[in-house]
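Read through the structure below, which is laid out as structure tokens, and then see the notes.
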Amino acid sequence: QVQLVESGGGLVQAGGSLRLSCTASGNSINTMAWFRQAPGKEREFVTAISRSGGLCLYADSVKGRFTISRDNAEKTVYLQMNSLKPEDSAVYYCAADSSPLPWYSRDHSSRTSFDYWGQGTQVTVSS
């Protein structure tokens with residue numbers, strides 16, 4: 001069984017930066033991703049990264065501001081968030097899948113593609 005534990009959330013002013021981390025226990029992790037959910041809204045895709053770290057996908061709303069990376073030796077995925085805006089405020093969830101299918105055969109922006117979820121970490125951006 002895989003468990004995901006996020007850390008790094010907090011309160012930051014608009015224009016500031018935060019780095020989130022998510023560490024996995026267990027094996028057979030393939031794609032890892034971040035989603036977020038603001039109050040009263042659906043959980044939405046933020047970014048995903050392939051097992052090798054060589055392929056990434058970003059939501060249009062965060063392109064150029066957020067960067068995902070991973071350290072497979074540490075079983076950890078990171079989300080560097082720069083130029084934060086109040087609309088980035090949400091609970092951020094780490095997700096992972098164990099599918100052996102190739103990157104391009106799956107929809108990594110869909111919640112249903114992921115088998116494992118973390119408990120979430122709150123990010124609040126003040127204006």
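Every chain in the structure tokens takes a letter, A first, then B, and so on in the order presented; its residues are numbered from 1, and the ligands are numbered from 1 following the presented order.
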Using only C-alpha atoms, find each residue in stretch 25-73 of chain A having at least one atom no more than 9 Å away from stretch 78-81 of chain A; report its shortest atom-to-atom pair and that distance in Å (one decimal), rows by chain then rising number, as a tab-separated table.
residue	atom	partner	partner_atom	distance
A:Trp34	CA	A:Leu79	CA	7.8
A:Thr47	CA	A:Leu79	CA	8.6
A:Val62	CA	A:Met81	CA	8.5
A:Arg65	CA	A:Met81	CA	6.2
A:Phe66	CA	A:Met81	CA	4.5
A:Thr67	CA	A:Gln80	CA	5.1
A:Ile68	CA	A:Leu79	CA	4.7
A:Ser69	CA	A:Tyr78	CA	5.2
A:Arg70	CA	A:Tyr78	CA	5.9
A:Asp71	CA	A:Tyr78	CA	8.3
If we count only C-alpha atoms, what is near A:Arg111 at a cut-off of 12 Å, once residues fewer than 4 positions away on the same chain are taken out, given as a ChimeraX atom specification? /A:32-37,42-48,93-97,106-107,115-117
For A:Thr124, which of A:Gly26, A:Gly53, A:Pro39, A:Pro100 is the closest residue, counting only C-alpha atoms?
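Smallest separation from A:Thr124 among the options: A:Pro39.
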Counting only C-alpha atoms, closest pick from A:Gly120, A:Leu84, A:Tyr92, A:Ser99 relative to A:Leu18 is A:Leu84
When DSSP works through the backbone of this structure, what residues of stretch 7-83 of chain A end up as strand (DSSP E or B), shown as a PyMOL selection string? chain A and resi 7+10-13+18-25+32-37+44-49+56-58+66-71+76-81
Could you turn the residues from that selection into a file that holds C-alpha atoms, as a PDB file, in the first residue's frame?
ATOM      1  CA  SER A   7       4.302  19.286   3.550  1.00  0.00           C
ATOM      2  CA  GLY A  10       1.388  27.966   4.534  1.00  0.00           C
ATOM      3  CA  LEU A  11       0.480  31.621   4.264  1.00  0.00           C
ATOM      4  CA  VAL A  12       2.291  33.858   1.789  1.00  0.00           C
ATOM      5  CA  GLN A  13       1.725  37.275   0.271  1.00  0.00           C
ATOM      6  CA  LEU A  18       6.316  28.367  -1.598  1.00  0.00           C
ATOM      7  CA  ARG A  19       7.659  24.869  -2.164  1.00  0.00           C
ATOM      8  CA  LEU A  20       5.510  21.852  -1.460  1.00  0.00           C
ATOM      9  CA  SER A  21       6.882  18.369  -0.933  1.00  0.00           C
ATOM     10  CA  CYS A  22       5.224  14.976  -1.092  1.00  0.00           C
ATOM     11  CA  THR A  23       6.966  11.815   0.049  1.00  0.00           C
ATOM     12  CA  ALA A  24       5.706   8.377  -0.864  1.00  0.00           C
ATOM     13  CA  SER A  25       6.029   5.156   1.049  1.00  0.00           C
ATOM     14  CA  MET A  32       2.998  11.777  -9.652  1.00  0.00           C
ATOM     15  CA  ALA A  33       0.875  14.901  -9.698  1.00  0.00           C
ATOM     16  CA  TRP A  34      -0.526  17.826  -7.786  1.00  0.00           C
ATOM     17  CA  PHE A  35      -4.167  18.813  -7.693  1.00  0.00           C
ATOM     18  CA  ARG A  36      -5.819  21.592  -5.712  1.00  0.00           C
ATOM     19  CA  GLN A  37      -9.228  22.344  -4.330  1.00  0.00           C
ATOM     20  CA  GLU A  44      -8.573  20.627 -10.244  1.00  0.00           C
ATOM     21  CA  PHE A  45      -5.408  19.480 -11.928  1.00  0.00           C
ATOM     22  CA  VAL A  46      -2.249  21.521 -11.404  1.00  0.00           C
ATOM     23  CA  THR A  47       0.678  19.526 -12.759  1.00  0.00           C
ATOM     24  CA  ALA A  48       2.032  16.004 -13.302  1.00  0.00           C
ATOM     25  CA  ILE A  49       5.436  14.424 -13.847  1.00  0.00           C
ATOM     26  CA  CYS A  56       5.701  17.190 -17.342  1.00  0.00           C
ATOM     27  CA  LEU A  57       2.228  18.580 -17.824  1.00  0.00           C
ATOM     28  CA  TYR A  58       0.907  21.855 -16.439  1.00  0.00           C
ATOM     29  CA  PHE A  66       4.963  26.564 -11.015  1.00  0.00           C
ATOM     30  CA  THR A  67       7.575  23.846 -11.507  1.00  0.00           C
ATOM     31  CA  ILE A  68       7.216  20.183 -10.640  1.00  0.00           C
ATOM     32  CA  SER A  69      10.206  17.933 -10.020  1.00  0.00           C
ATOM     33  CA  ARG A  70      10.922  14.621  -8.370  1.00  0.00           C
ATOM     34  CA  ASP A  71      13.685  12.744  -6.609  1.00  0.00           C
ATOM     35  CA  THR A  76       9.587  12.666  -3.234  1.00  0.00           C
ATOM     36  CA  VAL A  77       7.880  15.049  -5.622  1.00  0.00           C
ATOM     37  CA  TYR A  78       8.194  18.812  -5.271  1.00  0.00           C
ATOM     38  CA  LEU A  79       6.077  21.741  -6.391  1.00  0.00           C
ATOM     39  CA  GLN A  80       7.884  25.056  -6.588  1.00  0.00           C
ATOM     40  CA  MET A  81       5.298  27.836  -6.724  1.00  0.00           C
TER      41      MET A  81
END
Legend entry - Between atom CA of A:Ala59 and atom CA of A:Asn82 - distance in Å to one decimal: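 Between atom CA of A:Asn82 and atom CA of A:Ala59 the gap is 14.6 Å.
As for atom CA of A:Tyr104 and atom CA of A:Thr31, they are spaced 11.3 Å apart.
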Rounded to one decimal, what separation in Å do you get between atom CA of A:Gly118 and atom CA of A:Gln3?
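Going from atom CA of A:Gly118 over to atom CA of A:Gln3, I get 7.0 Å.
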Would you please work out which residue, of A:Ser17, A:Ser105, A:Ser98, A:Asn30, is nearest to A:Val125 when using only C-alpha atoms?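 The shortest atom-to-atom distance to A:Val125 comes from A:Ser17.
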Item to complete: Select, from A:Val2, A:Leu101, A:Ala73, A:Ala38, the residue with the minimum atom-to-atom distance to A:Thr121, counting only C-alpha atoms.
Response: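 Selected residue with least distance to A:Thr121: A:Ala38.
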